[in-house]
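Undergrad: Below you'll find upload_38.csv; it's CSV, C-alpha atoms and all ligand atoms.
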chain,number,residue,atom,x,y,z
A,1,MET,CA,-4.2,-30.4,-2.6
A,2,ARG,CA,-7.9,-29.8,-3.1
A,3,ARG,CA,-10.1,-26.8,-3.2
A,4,CYS,CA,-10.3,-25.5,0.4
A,5,GLY,CA,-9.8,-21.9,0.8
A,6,GLN,CA,-7.1,-19.2,0.9
A,7,TRP,CA,-3.4,-19.7,1.3
A,8,TYR,CA,-1.2,-22.7,1.4
A,9,ALA,CA,2.5,-22.7,2.2
A,10,ALA,CA,4.6,-25.7,1.2
A,11,LEU,CA,7.6,-26.7,3.4
A,12,PRO,CA,10.1,-29.2,2.0
A,13,GLU,CA,10.4,-31.4,5.1
A,14,ASN,CA,10.1,-35.2,4.7
A,15,GLY,CA,8.8,-34.3,1.3
A,16,VAL,CA,6.3,-31.5,1.4
A,17,ARG,CA,4.3,-30.2,4.3
A,18,VAL,CA,1.3,-28.0,3.7
A,19,MET,CA,0.3,-25.2,6.1
A,20,GLY,CA,-3.0,-23.3,5.7
A,21,ILE,CA,-2.8,-19.6,6.5
A,22,LYS,CA,-6.0,-18.3,8.2
A,23,ASN,CA,-7.9,-15.3,6.9
A,24,GLY,CA,-5.7,-14.4,4.0
A,25,TRP,CA,-2.8,-12.0,4.3
A,26,GLN,CA,-3.9,-11.2,7.8
A,27,GLY,CA,-3.0,-14.7,9.0
A,28,LEU,CA,0.5,-14.3,7.7
A,29,VAL,CA,0.9,-11.0,9.4
A,30,GLU,CA,-0.5,-12.4,12.7
A,31,GLY,CA,1.2,-15.8,12.4
A,32,ASP,CA,-2.1,-17.6,12.3
A,33,LEU,CA,-1.2,-20.9,10.5
A,34,VAL,CA,-2.6,-24.4,10.8
A,35,SER,CA,-1.3,-27.7,9.5
A,36,LEU,CA,-3.2,-28.9,6.5
A,37,THR,CA,-2.9,-32.6,6.7
A,38,ARG,CA,-5.0,-35.0,4.6
A,39,GLU,CA,-7.3,-35.5,7.6
A,40,ALA,CA,-7.8,-31.7,7.9
A,41,VAL,CA,-9.1,-31.5,4.3
A,42,THR,CA,-11.0,-34.7,4.1
A,43,GLY,CA,-14.6,-34.1,3.2
A,44,ILE,CA,-14.3,-30.4,2.2
A,45,LEU,CA,-15.0,-30.9,-1.5
A,46,PRO,CA,-18.8,-30.3,-1.3
A,47,ARG,CA,-18.3,-27.3,1.1
A,48,GLY,CA,-18.6,-23.7,-0.1
A,49,GLY,CA,-16.6,-20.8,1.3
A,50,THR,CA,-13.3,-21.6,2.9
A,51,ILE,CA,-12.3,-23.6,5.9
A,52,LEU,CA,-9.4,-21.2,6.4
A,53,GLY,CA,-11.5,-18.0,6.6
A,54,THR,CA,-10.7,-14.9,4.5
A,55,SER,CA,-10.3,-11.1,4.9
A,56,ARG,CA,-9.8,-8.1,2.7
A,57,PHE,CA,-6.7,-7.1,4.5
A,58,ASN,CA,-3.8,-5.9,2.3
A,59,PRO,CA,-0.4,-6.0,4.1
A,60,LEU,CA,1.0,-3.4,1.6
A,61,GLU,CA,-1.2,-0.8,3.0
A,62,HIS,CA,0.4,-1.1,6.4
A,63,PRO,CA,4.2,-0.8,6.6
A,64,GLU,CA,4.4,-2.5,10.0
A,65,SER,CA,2.5,-5.4,8.6
A,66,LEU,CA,5.1,-6.1,6.0
A,67,SER,CA,7.8,-6.7,8.5
A,68,ARG,CA,5.6,-8.9,10.7
A,69,LEU,CA,4.7,-10.9,7.5
A,70,GLY,CA,8.4,-11.3,6.8
A,71,ASP,CA,9.1,-12.4,10.4
A,72,ASN,CA,6.3,-15.0,10.3
A,73,TRP,CA,7.5,-16.3,6.9
A,74,LYS,CA,10.9,-16.9,8.4
A,75,LYS,CA,9.6,-18.3,11.7
A,76,HIS,CA,7.5,-20.9,10.0
A,77,ASP,CA,10.3,-21.6,7.5
A,78,LEU,CA,8.1,-21.2,4.5
A,79,SER,CA,9.6,-22.0,1.2
A,80,ALA,CA,6.7,-20.9,-0.9
A,81,ALA,CA,3.0,-19.8,-0.7
A,82,ILE,CA,0.1,-20.5,-3.0
A,83,VAL,CA,-2.2,-17.5,-3.0
A,84,VAL,CA,-5.9,-18.2,-3.7
A,85,GLY,CA,-8.1,-15.2,-4.4
A,86,GLY,CA,-9.5,-12.4,-6.6
A,87,GLU,CA,-8.3,-9.1,-7.8
A,88,GLY,CA,-7.2,-7.5,-4.5
A,89,THR,CA,-5.5,-10.7,-3.2
A,90,LEU,CA,-3.7,-11.3,-6.5
A,91,SER,CA,-2.5,-7.7,-6.8
A,92,ALA,CA,-0.9,-7.9,-3.3
A,93,ALA,CA,0.7,-11.2,-4.3
A,94,HIS,CA,2.1,-9.7,-7.5
A,95,ASP,CA,3.6,-6.7,-5.6
A,96,LEU,CA,5.0,-8.9,-2.8
A,97,TRP,CA,6.7,-11.1,-5.4
A,98,ARG,CA,7.9,-8.3,-7.6
A,99,ASP,CA,9.1,-5.9,-4.9
A,100,PHE,CA,10.0,-8.2,-2.0
A,101,HIS,CA,10.8,-11.5,-3.8
A,102,TYR,CA,8.4,-13.7,-1.9
A,103,LYS,CA,8.1,-17.1,-3.6
A,104,LEU,CA,4.5,-17.0,-4.6
A,105,VAL,CA,2.2,-18.6,-7.1
A,106,ALA,CA,-1.5,-18.0,-7.4
A,107,VAL,CA,-4.9,-19.5,-8.2
A,108,PRO,CA,-7.8,-17.4,-9.5
A,109,LYS,CA,-10.8,-17.7,-7.2
A,110,THR,CA,-13.7,-15.3,-7.4
A,111,ILE,CA,-17.4,-15.5,-8.3
A,112,ASP,CA,-16.8,-12.3,-10.5
A,113,ASN,CA,-14.7,-14.1,-13.2
A,114,ASP,CA,-13.0,-10.7,-13.7
A,115,ILE,CA,-9.3,-11.9,-13.6
A,116,ALA,CA,-7.3,-11.4,-16.8
A,117,GLY,CA,-5.3,-14.3,-18.3
A,118,THR,CA,-7.8,-17.1,-17.4
A,119,ASP,CA,-11.0,-17.9,-19.2
A,120,PHE,CA,-12.7,-18.8,-15.9
A,121,THR,CA,-12.1,-18.4,-12.2
A,122,PHE,CA,-13.4,-21.0,-9.8
A,123,GLY,CA,-16.6,-19.9,-7.9
A,124,PHE,CA,-18.1,-18.3,-11.0
A,125,ASP,CA,-20.0,-21.3,-12.2
A,126,THR,CA,-21.5,-21.9,-8.8
A,127,ALA,CA,-22.7,-18.3,-8.6
A,128,VAL,CA,-24.1,-18.5,-12.1
A,129,SER,CA,-26.0,-21.7,-11.2
A,130,ILE,CA,-27.5,-19.9,-8.1
A,131,VAL,CA,-28.6,-17.0,-10.3
A,132,THR,CA,-30.1,-19.3,-12.8
A,133,ASP,CA,-32.1,-21.2,-10.2
A,134,ALA,CA,-33.3,-17.9,-8.7
A,135,VAL,CA,-34.4,-16.6,-12.1
A,136,ASP,CA,-36.2,-19.9,-12.8
A,137,ARG,CA,-38.1,-19.5,-9.5
A,138,LEU,CA,-38.8,-15.8,-10.1
A,139,HIS,CA,-40.5,-16.7,-13.4
A,140,SER,CA,-43.3,-18.4,-11.5
A,141,THR,CA,-44.3,-15.3,-9.4
A,142,ALA,CA,-43.6,-12.9,-12.3
A,143,GLU,CA,-45.9,-14.8,-14.6
A,144,SER,CA,-48.7,-15.3,-12.0
A,145,HIS,CA,-48.7,-11.7,-10.9
A,146,HIS,CA,-48.0,-10.2,-14.4
A,147,ARG,CA,-45.1,-8.3,-12.9
A,148,VAL,CA,-41.6,-7.2,-13.9
A,149,MET,CA,-39.1,-8.8,-11.6
A,150,VAL,CA,-35.8,-7.0,-11.4
A,151,VAL,CA,-33.0,-9.4,-10.2
A,152,GLU,CA,-29.8,-7.7,-9.0
A,153,VAL,CA,-26.7,-9.8,-9.1
A,154,MET,CA,-23.1,-9.4,-8.0
A,155,GLY,CA,-20.0,-9.2,-10.3
A,156,ARG,CA,-18.2,-6.2,-9.1
A,157,HIS,CA,-17.3,-4.0,-12.1
A,158,THR,CA,-18.1,-6.7,-14.7
A,159,GLY,CA,-21.3,-8.3,-16.1
A,160,TRP,CA,-20.1,-11.9,-16.3
A,161,ILE,CA,-22.5,-13.2,-13.7
A,162,ALA,CA,-25.4,-11.2,-15.0
A,163,ALA,CA,-24.9,-12.3,-18.6
A,164,PHE,CA,-24.3,-16.0,-17.9
A,165,GLY,CA,-27.1,-16.2,-15.2
A,166,GLY,CA,-29.4,-14.1,-17.4
A,167,ILE,CA,-28.9,-16.2,-20.5
A,168,ALA,CA,-29.2,-19.5,-18.6
A,169,GLY,CA,-32.4,-18.3,-16.8
A,170,GLY,CA,-33.9,-16.8,-20.0
A,171,ALA,CA,-34.0,-13.2,-18.7
A,172,ASP,CA,-35.8,-10.7,-21.0
A,173,VAL,CA,-33.3,-7.8,-20.4
A,174,ILE,CA,-29.8,-8.1,-19.0
A,175,LEU,CA,-28.0,-4.9,-17.9
A,176,VAL,CA,-24.2,-5.0,-17.4
A,177,PRO,CA,-21.5,-2.4,-16.5
A,178,GLU,CA,-19.9,-2.9,-19.9
A,179,HIS,CA,-22.9,-1.4,-21.7
A,180,PRO,CA,-24.5,1.6,-20.0
A,181,PHE,CA,-28.3,1.3,-20.4
A,182,ARG,CA,-31.0,3.7,-21.5
A,183,LEU,CA,-34.0,3.4,-19.3
A,184,SER,CA,-36.3,4.4,-22.2
A,185,ARG,CA,-35.1,1.4,-24.2
A,186,VAL,CA,-35.6,-1.0,-21.2
A,187,CYS,CA,-39.2,0.3,-20.8
A,188,GLU,CA,-39.9,0.0,-24.5
A,189,LEU,CA,-38.8,-3.6,-24.5
A,190,LEU,CA,-41.0,-4.4,-21.5
A,191,GLU,CA,-44.0,-2.5,-22.9
A,192,ALA,CA,-43.6,-4.4,-26.2
A,193,ARG,CA,-43.6,-7.7,-24.4
A,194,LYS,CA,-46.8,-6.7,-22.7
A,195,ARG,CA,-48.4,-5.7,-26.0
A,196,ASP,CA,-47.4,-9.1,-27.4
A,197,GLY,CA,-49.3,-10.8,-24.6
A,198,ARG,CA,-46.3,-11.5,-22.4
A,199,ALA,CA,-47.4,-9.5,-19.4
A,200,PHE,CA,-44.4,-10.5,-17.2
A,201,SER,CA,-40.7,-9.9,-17.6
A,202,ILE,CA,-37.4,-10.7,-15.9
A,203,VAL,CA,-34.7,-8.0,-15.9
A,204,VAL,CA,-31.3,-9.1,-14.6
A,205,VAL,CA,-29.1,-6.2,-13.6
A,206,ALA,CA,-25.5,-6.3,-12.5
A,207,GLU,CA,-24.7,-4.4,-9.3
A,208,ASP,CA,-22.4,-2.0,-11.2
A,209,ALA,CA,-24.7,-1.4,-14.3
A,210,HIS,CA,-25.0,2.3,-15.0
A,211,PRO,CA,-27.5,4.4,-16.9
A,212,ALA,CA,-26.0,5.9,-20.1
A,213,VAL,CA,-24.9,9.6,-19.7
A,214,GLU,CA,-27.5,10.8,-22.2
A,215,GLU,CA,-30.3,9.4,-20.0
A,216,GLU,CA,-28.9,9.8,-16.6
A,217,PHE,CA,-31.7,9.6,-14.0
A,218,LEU,CA,-29.6,9.1,-10.8
A,219,SER,CA,-28.7,12.0,-8.5
A,220,GLU,CA,-25.1,12.4,-7.5
A,221,GLU,CA,-26.0,11.4,-4.0
A,222,ILE,CA,-27.7,8.2,-5.1
A,223,LYS,CA,-24.8,7.3,-7.4
A,224,GLN,CA,-22.4,7.7,-4.4
A,225,ASN,CA,-24.5,5.3,-2.4
A,226,LEU,CA,-24.9,2.7,-5.2
A,227,TYR,CA,-21.4,2.6,-6.7
A,228,ARG,CA,-18.8,2.4,-3.9
A,229,HIS,CA,-15.9,0.2,-5.0
A,230,ASP,CA,-15.9,-1.6,-1.7
A,231,ARG,CA,-19.7,-1.9,-1.4
A,232,LEU,CA,-21.8,-2.0,-4.6
A,233,GLY,CA,-25.5,-2.6,-4.7
A,234,GLY,CA,-28.9,-1.1,-4.9
A,235,ILE,CA,-29.3,-0.3,-8.6
A,236,GLY,CA,-32.0,-3.0,-8.8
A,237,GLY,CA,-34.3,-1.2,-6.4
A,238,VAL,CA,-34.0,2.1,-8.2
A,239,LEU,CA,-34.5,0.5,-11.5
A,240,ALA,CA,-37.7,-1.4,-10.4
A,241,TYR,CA,-39.1,1.9,-9.2
A,242,GLU,CA,-38.3,3.7,-12.4
A,243,ILE,CA,-39.7,0.9,-14.6
A,244,GLU,CA,-43.0,0.9,-12.7
A,245,ARG,CA,-43.1,4.7,-13.0
A,246,CYS,CA,-42.5,4.8,-16.7
A,247,THR,CA,-44.4,1.7,-17.9
A,248,GLY,CA,-47.1,1.5,-15.3
A,249,ILE,CA,-46.3,-2.2,-15.0
A,250,GLU,CA,-46.0,-3.4,-11.4
A,251,ALA,CA,-42.3,-4.1,-10.7
A,252,ARG,CA,-40.5,-5.8,-7.8
A,253,VAL,CA,-36.8,-6.3,-7.0
A,254,THR,CA,-34.9,-9.2,-5.7
A,255,LYS,CA,-31.3,-8.6,-4.7
A,256,LEU,CA,-29.6,-12.0,-4.6
A,257,GLY,CA,-26.6,-10.6,-2.6
A,258,TYR,CA,-24.5,-13.0,-0.6
A,259,VAL,CA,-26.7,-16.0,-1.4
A,260,GLN,CA,-24.6,-16.1,-4.6
A,261,ARG,CA,-21.5,-16.9,-2.6
A,262,GLY,CA,-23.0,-19.8,-0.6
A,263,GLY,CA,-23.8,-23.4,-0.8
A,264,SER,CA,-22.1,-26.4,-2.4
A,265,PRO,CA,-19.9,-25.8,-5.4
A,266,THR,CA,-21.0,-27.1,-8.8
A,267,ALA,CA,-19.2,-30.1,-10.3
A,268,TYR,CA,-17.5,-27.7,-12.8
A,269,ASP,CA,-16.1,-25.6,-10.0
A,270,ARG,CA,-14.9,-28.6,-8.0
A,271,VAL,CA,-13.0,-29.9,-11.1
A,272,LEU,CA,-11.6,-26.5,-12.0
A,273,ALA,CA,-10.4,-25.8,-8.5
A,274,THR,CA,-8.8,-29.2,-8.2
A,275,ARG,CA,-7.1,-28.8,-11.6
A,276,PHE,CA,-5.9,-25.3,-10.5
A,277,GLY,CA,-4.6,-26.8,-7.2
A,278,VAL,CA,-2.6,-29.5,-8.8
A,279,LYS,CA,-1.2,-27.0,-11.3
A,280,ALA,CA,-0.2,-24.6,-8.5
A,281,TYR,CA,1.6,-27.4,-6.7
A,282,GLU,CA,3.5,-28.3,-9.9
A,283,MET,CA,4.4,-24.6,-10.3
A,284,VAL,CA,5.8,-24.5,-6.8
A,285,LEU,CA,8.0,-27.5,-7.5
A,286,ALA,CA,9.1,-25.9,-10.8
A,287,GLY,CA,9.8,-22.6,-9.1
A,288,GLU,CA,7.4,-20.6,-11.3
A,289,TRP,CA,7.2,-17.7,-9.0
A,290,GLY,CA,5.0,-14.7,-9.8
A,291,HIS,CA,2.7,-16.9,-11.9
A,292,MET,CA,-0.9,-17.9,-11.7
A,293,ALA,CA,-2.6,-21.1,-12.7
A,294,ALA,CA,-5.0,-20.4,-15.5
A,295,LEU,CA,-7.6,-22.0,-17.8
A,296,ARG,CA,-7.1,-21.3,-21.5
A,297,GLY,CA,-9.6,-23.2,-23.7
A,298,ASN,CA,-9.7,-26.6,-22.1
A,299,LYS,CA,-6.2,-26.6,-20.9
A,300,ILE,CA,-4.7,-25.6,-17.5
A,301,THR,CA,-1.6,-23.5,-18.0
A,302,SER,CA,0.2,-20.7,-16.2
A,303,VAL,CA,0.3,-16.9,-16.9
A,304,SER,CA,2.4,-14.2,-15.2
A,305,LEU,CA,0.8,-12.4,-12.3
A,306,ALA,CA,1.7,-9.2,-14.1
A,307,GLU,CA,-0.8,-10.2,-16.8
A,308,ALA,CA,-3.4,-11.4,-14.3
A,309,VAL,CA,-3.4,-8.0,-12.5
A,310,SER,CA,-3.0,-5.8,-15.6
A,311,GLY,CA,-6.6,-4.8,-15.6
A,312,ILE,CA,-10.0,-6.4,-14.9
A,313,LYS,CA,-11.3,-8.8,-17.5
A,314,ARG,CA,-14.5,-7.3,-19.0
A,315,LEU,CA,-17.5,-9.3,-20.1
A,316,ASP,CA,-16.8,-11.0,-23.5
A,317,GLU,CA,-18.6,-9.0,-26.2
A,318,ASP,CA,-19.6,-12.2,-28.0
A,319,VAL,CA,-21.4,-13.4,-24.9
A,320,TYR,CA,-23.2,-10.0,-24.6
A,321,LYS,CA,-24.3,-10.2,-28.2
A,322,VAL,CA,-25.8,-13.6,-27.6
A,323,ALA,CA,-27.7,-12.2,-24.6
A,324,GLU,CA,-29.0,-9.3,-26.7
A,325,VAL,CA,-30.5,-11.6,-29.3
A,326,PHE,CA,-33.1,-12.6,-26.6
A,327,PHE,CA,-33.9,-9.1,-25.2
A,328,GLY,CA,-37.6,-8.2,-25.3
B,1,LIG,O1,-15.7,-10.1,-5.4
B,1,LIG,C1,-16.7,-10.9,-5.0
B,1,LIG,C2,-17.9,-10.0,-4.5
B,1,LIG,O2,-18.9,-10.9,-4.0
B,1,LIG,C3,-18.4,-9.0,-5.5
B,1,LIG,O3,-19.2,-9.6,-6.4
B,1,LIG,C4,-19.1,-8.1,-4.6
B,1,LIG,O4,-19.2,-6.8,-5.1
B,1,LIG,C5,-18.2,-8.0,-3.4
B,1,LIG,O5,-17.5,-9.3,-3.4
B,1,LIG,C6,-18.8,-7.9,-2.0
B,1,LIG,O6,-17.8,-7.7,-1.1
B,1,LIG,P1,-18.0,-7.8,0.5
B,1,LIG,O7,-18.0,-9.3,0.8
B,1,LIG,O8,-16.7,-7.1,1.0
B,1,LIG,O9,-19.2,-7.1,0.8
Translate this file's structure into structure tokens.
TA:
Amino acid sequence: MRRCGQWYAALPENGVRVMGIKNGWQGLVEGDLVSLTREAVTGILPRGGTILGTSRFNPLEHPESLSRLGDNWKKHDLSAAIVVGGEGTLSAAHDLWRDFHYKLVAVPKTIDNDIAGTDFTFGFDTAVSIVTDAVDRLHSTAESHHRVMVVEVMGRHTGWIAAFGGIAGGADVILVPEHPFRLSRVCELLEARKRDGRAFSIVVVAEDAHPAVEEEFLSEEIKQNLYRHDRLGGIGGVLAYEIERCTGIEARVTKLGYVQRGGSPTAYDRVLATRFGVKAYEMVLAGEWGHMAALRGNKITSVSLAEAVSGIKRLDEDVYKVAEVFFG
């Protein structure tokens, strides 16, 4: 059972049969299932995304969906499902297991690395390597043109991607949601670099990074546009504008956006996803319902879904402190 997308359902018939459910919960509601034979998954290891498709559909938000989901579960004679996803997907899995007793186990998959109970989610390392590569490339033009390059990255409400990508790429300032930033401090750092003869800078900003309240410079209207839970993004552009205004140094923005979710997974992610997959299969055989495969240190283990969805996992303070050492 290798990394290949969203949901798997195991049926104990001549051993175990594996079905793939298309487009997340929506596929279970619509009865859109395919057989995941060995042939069907051959060659998918280097592929990004998911061969099954995905959606942000939550069956708990639609009462009629719940009964259709139950009908399809019975119709396909499913004995268990392995749910692969991030915060929203896992929360729905937790509730469906707790309130409706579906036999579910889970695997944490998101570029954001914001799932509690596991040190890393799969997808994160690949996104970080894309950010690192982009920051490396942006150094060339920043240096040649003596500019400040602001690089906006994803991460939802956490700064994991920004911190890891920023440290790996040697960013001069990294702004994360966990530490509201003061624009005056950012500008001071960039001006000091210029005075020291380093006329270019790279600022990595997470999509949900906010200005500190004591130095708020965004109008309510702008905030509403930038910080929608379902669609974050745009702080990089505003920041580049403000940096140029207050330092006089030419600034540009690059919003990496969905590029961070594409391409071939890193070796680390392939191995992690494979280890999670094998663990999830073992959890099904052991009947560990309502649990998620997790990485703790170097070991794959399992944690309760209740723990996994208890709150988002914020950026590790120790990692942020390491990033801070290199600011300016
Ligand atoms: O959760 C993964 C993620 O890529 C976030 O980093 C980002 O904020 C969000 O999804 C974008 O969601 P959508 O694909 O719905 O635009």
Undergrad: Neighbouring residues of A:Val105 were defined as those with any atom within 6 Å, considering only C-alpha atoms; residues of the same chain fewer than 5 positions away were excluded. Please report them as a PyMOL selection string.
TA: chain A and resi 82+289-292
Undergrad: As a PyMOL selection string, please: the residues near stretch 157-169 of chain A (cut-off 10 Å, only C-alpha atoms, same-chain neighbours under 2 positions excluded).
TA: chain A and resi 111-114+124-125+127-139+151-155+171-179+202-209+227+229+232+260+312-316+319-324+326-327
Undergrad: Just the selected residues (C-alpha atoms), exported as a CSV table (one decimal), keeping the file's coordinate frame, please.
TA:
chain,number,residue,atom,x,y,z
A,111,ILE,CA,-17.4,-15.5,-8.3
A,112,ASP,CA,-16.8,-12.3,-10.5
A,113,ASN,CA,-14.7,-14.1,-13.2
A,114,ASP,CA,-13.0,-10.7,-13.7
A,124,PHE,CA,-18.1,-18.3,-11.0
A,125,ASP,CA,-20.0,-21.3,-12.2
A,127,ALA,CA,-22.7,-18.3,-8.6
A,128,VAL,CA,-24.1,-18.5,-12.1
A,129,SER,CA,-26.0,-21.7,-11.2
A,130,ILE,CA,-27.5,-19.9,-8.1
A,131,VAL,CA,-28.6,-17.0,-10.3
A,132,THR,CA,-30.1,-19.3,-12.8
A,133,ASP,CA,-32.1,-21.2,-10.2
A,134,ALA,CA,-33.3,-17.9,-8.7
A,135,VAL,CA,-34.4,-16.6,-12.1
A,136,ASP,CA,-36.2,-19.9,-12.8
A,137,ARG,CA,-38.1,-19.5,-9.5
A,138,LEU,CA,-38.8,-15.8,-10.1
A,139,HIS,CA,-40.5,-16.7,-13.4
A,151,VAL,CA,-33.0,-9.4,-10.2
A,152,GLU,CA,-29.8,-7.7,-9.0
A,153,VAL,CA,-26.7,-9.8,-9.1
A,154,MET,CA,-23.1,-9.4,-8.0
A,155,GLY,CA,-20.0,-9.2,-10.3
A,171,ALA,CA,-34.0,-13.2,-18.7
A,172,ASP,CA,-35.8,-10.7,-21.0
A,173,VAL,CA,-33.3,-7.8,-20.4
A,174,ILE,CA,-29.8,-8.1,-19.0
A,175,LEU,CA,-28.0,-4.9,-17.9
A,176,VAL,CA,-24.2,-5.0,-17.4
A,177,PRO,CA,-21.5,-2.4,-16.5
A,178,GLU,CA,-19.9,-2.9,-19.9
A,179,HIS,CA,-22.9,-1.4,-21.7
A,202,ILE,CA,-37.4,-10.7,-15.9
A,203,VAL,CA,-34.7,-8.0,-15.9
A,204,VAL,CA,-31.3,-9.1,-14.6
A,205,VAL,CA,-29.1,-6.2,-13.6
A,206,ALA,CA,-25.5,-6.3,-12.5
A,207,GLU,CA,-24.7,-4.4,-9.3
A,208,ASP,CA,-22.4,-2.0,-11.2
A,209,ALA,CA,-24.7,-1.4,-14.3
A,227,TYR,CA,-21.4,2.6,-6.7
A,229,HIS,CA,-15.9,0.2,-5.0
A,232,LEU,CA,-21.8,-2.0,-4.6
A,260,GLN,CA,-24.6,-16.1,-4.6
A,312,ILE,CA,-10.0,-6.4,-14.9
A,313,LYS,CA,-11.3,-8.8,-17.5
A,314,ARG,CA,-14.5,-7.3,-19.0
A,315,LEU,CA,-17.5,-9.3,-20.1
A,316,ASP,CA,-16.8,-11.0,-23.5
A,319,VAL,CA,-21.4,-13.4,-24.9
A,320,TYR,CA,-23.2,-10.0,-24.6
A,321,LYS,CA,-24.3,-10.2,-28.2
A,322,VAL,CA,-25.8,-13.6,-27.6
A,323,ALA,CA,-27.7,-12.2,-24.6
A,324,GLU,CA,-29.0,-9.3,-26.7
A,326,PHE,CA,-33.1,-12.6,-26.6
A,327,PHE,CA,-33.9,-9.1,-25.2
Undergrad: Near stretch 279-282 of chain A, counting all atoms listed in the file, which residues have an atom at most 10 Å away, once you skip same-chain residues fewer than 5 positions from it, shown as a compact mmCIF listing (two decimals) with C-alpha atoms, keeping the file's coordinate frame?
TA:
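Result went into selection-v8.txt, see below:
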# COMPACT_ATOMS: atom_id res chain seq x y z
CA MET A 1 -4.20 -30.40 -2.60
CA TYR A 8 -1.20 -22.70 1.40
CA ALA A 10 4.60 -25.70 1.20
CA ALA A 81 3.00 -19.80 -0.70
CA ILE A 82 0.10 -20.50 -3.00
CA VAL A 83 -2.20 -17.50 -3.00
CA VAL A 84 -5.90 -18.20 -3.70
CA LEU A 104 4.50 -17.00 -4.60
CA VAL A 105 2.20 -18.60 -7.10
CA ALA A 106 -1.50 -18.00 -7.40
CA VAL A 107 -4.90 -19.50 -8.20
CA ALA A 273 -10.40 -25.80 -8.50
CA THR A 274 -8.80 -29.20 -8.20
CA GLY A 287 9.80 -22.60 -9.10
CA GLU A 288 7.40 -20.60 -11.30
CA HIS A 291 2.70 -16.90 -11.90
CA MET A 292 -0.90 -17.90 -11.70
CA ALA A 293 -2.60 -21.10 -12.70
CA ALA A 294 -5.00 -20.40 -15.50
CA ILE A 300 -4.70 -25.60 -17.50
CA THR A 301 -1.60 -23.50 -18.00
CA SER A 302 0.20 -20.70 -16.20
Undergrad: For A:Asn23, please output as a PyMOL selection string all residues within 8 Å (counting only C-alpha atoms; exclusion window: fewer than 6 positions along the same chain).
TA: chain A and resi 6+52-55
Undergrad: Around (12.4, -19.4, 0.6), as given in the file, which residues come within 12 Å? Count all atoms listed in the file and list them as an NGL selection string.
TA: :A and (9-12 or 70 or 73-81 or 97 or 100-104 or 284 or 287 or 289)
Undergrad: With all atoms listed in the file as the atoms that count, which of A:Arg270, A:Lys299, A:Arg275, A:Arg261 lies nearest to ligand LIG 1 (chain B)?
TA: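 That would be A:Arg261, the residue with the smallest distance to ligand LIG 1 (chain B).
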Undergrad: What does the distance from atom CA of A:Leu272 to atom CA of A:Phe122 come to in Å, to one decimal?
TA: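 These two atoms are separated by 6.2 Å.
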Undergrad: Atom CA of A:Pro59 and atom CA of A:Gln26 are how many Å apart?
TA: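 Taking atom CA of A:Pro59 as the start and atom CA of A:Gln26 as the end point, the length is 7.3 Å.
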Undergrad: So which one's closest to ligand LIG 1 (chain B), A:Glu30, A:Glu221, A:Glu87, A:Glu64? Using only C-alpha atoms and all ligand atoms, please.
TA: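 Answer, going by the shortest atom-to-atom distance: A:Glu87.
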Undergrad: One decimal, in Å: what's the spacing between atom CA of A:Ala40 and atom CA of A:Gly277?
TA: 16.2 Å
Undergrad: Write out as a PyMOL selection string which residues come within 12 Å of A:Phe57 when counting all atoms listed in the file, dropping same-chain ones fewer than 6 positions away.
TA: chain A and resi 22-30+65-66+88-89+92
Undergrad: Pick from A:Ser35, A:Thr50, A:Thr110, A:Ser91: nearest to ligand LIG 1 (chain B), with only C-alpha atoms and all ligand atoms counted?
TA: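 So, comparing all the options, the nearest one is A:Thr110.
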Undergrad: Go through A:Val16, A:Leu33, A:Val150, A:Val259 one by one, measure the shortest atom-to-atom distance of each to ligand LIG 1 (chain B) using only C-alpha atoms and all ligand atoms, and give the residue with the smallest value.
TA: A:Val259
Undergrad: Pick from A:Lys194, A:His210, A:Lys255, A:Arg156: nearest to ligand LIG 1 (chain B), with only C-alpha atoms and all ligand atoms counted?
TA: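 For ligand LIG 1 (chain B), the nearest of the given residues is A:Arg156.
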Undergrad: Return the single residue from A:Gly86, A:Gly311, A:Gly236, A:Pro108 that is closest to ligand LIG 1 (chain B), with distances computed using all atoms listed in the file.
TA: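 Using all atoms listed in the file, ligand LIG 1 (chain B) sits closest to A:Gly86.
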Undergrad: Residues within 6 Å of (-40.8, -9.6, -16.8), file coordinates, counting all atoms listed in the file: what are they? Give the list as a PyMOL selection string.
TA: chain A and resi 147-149+200-202
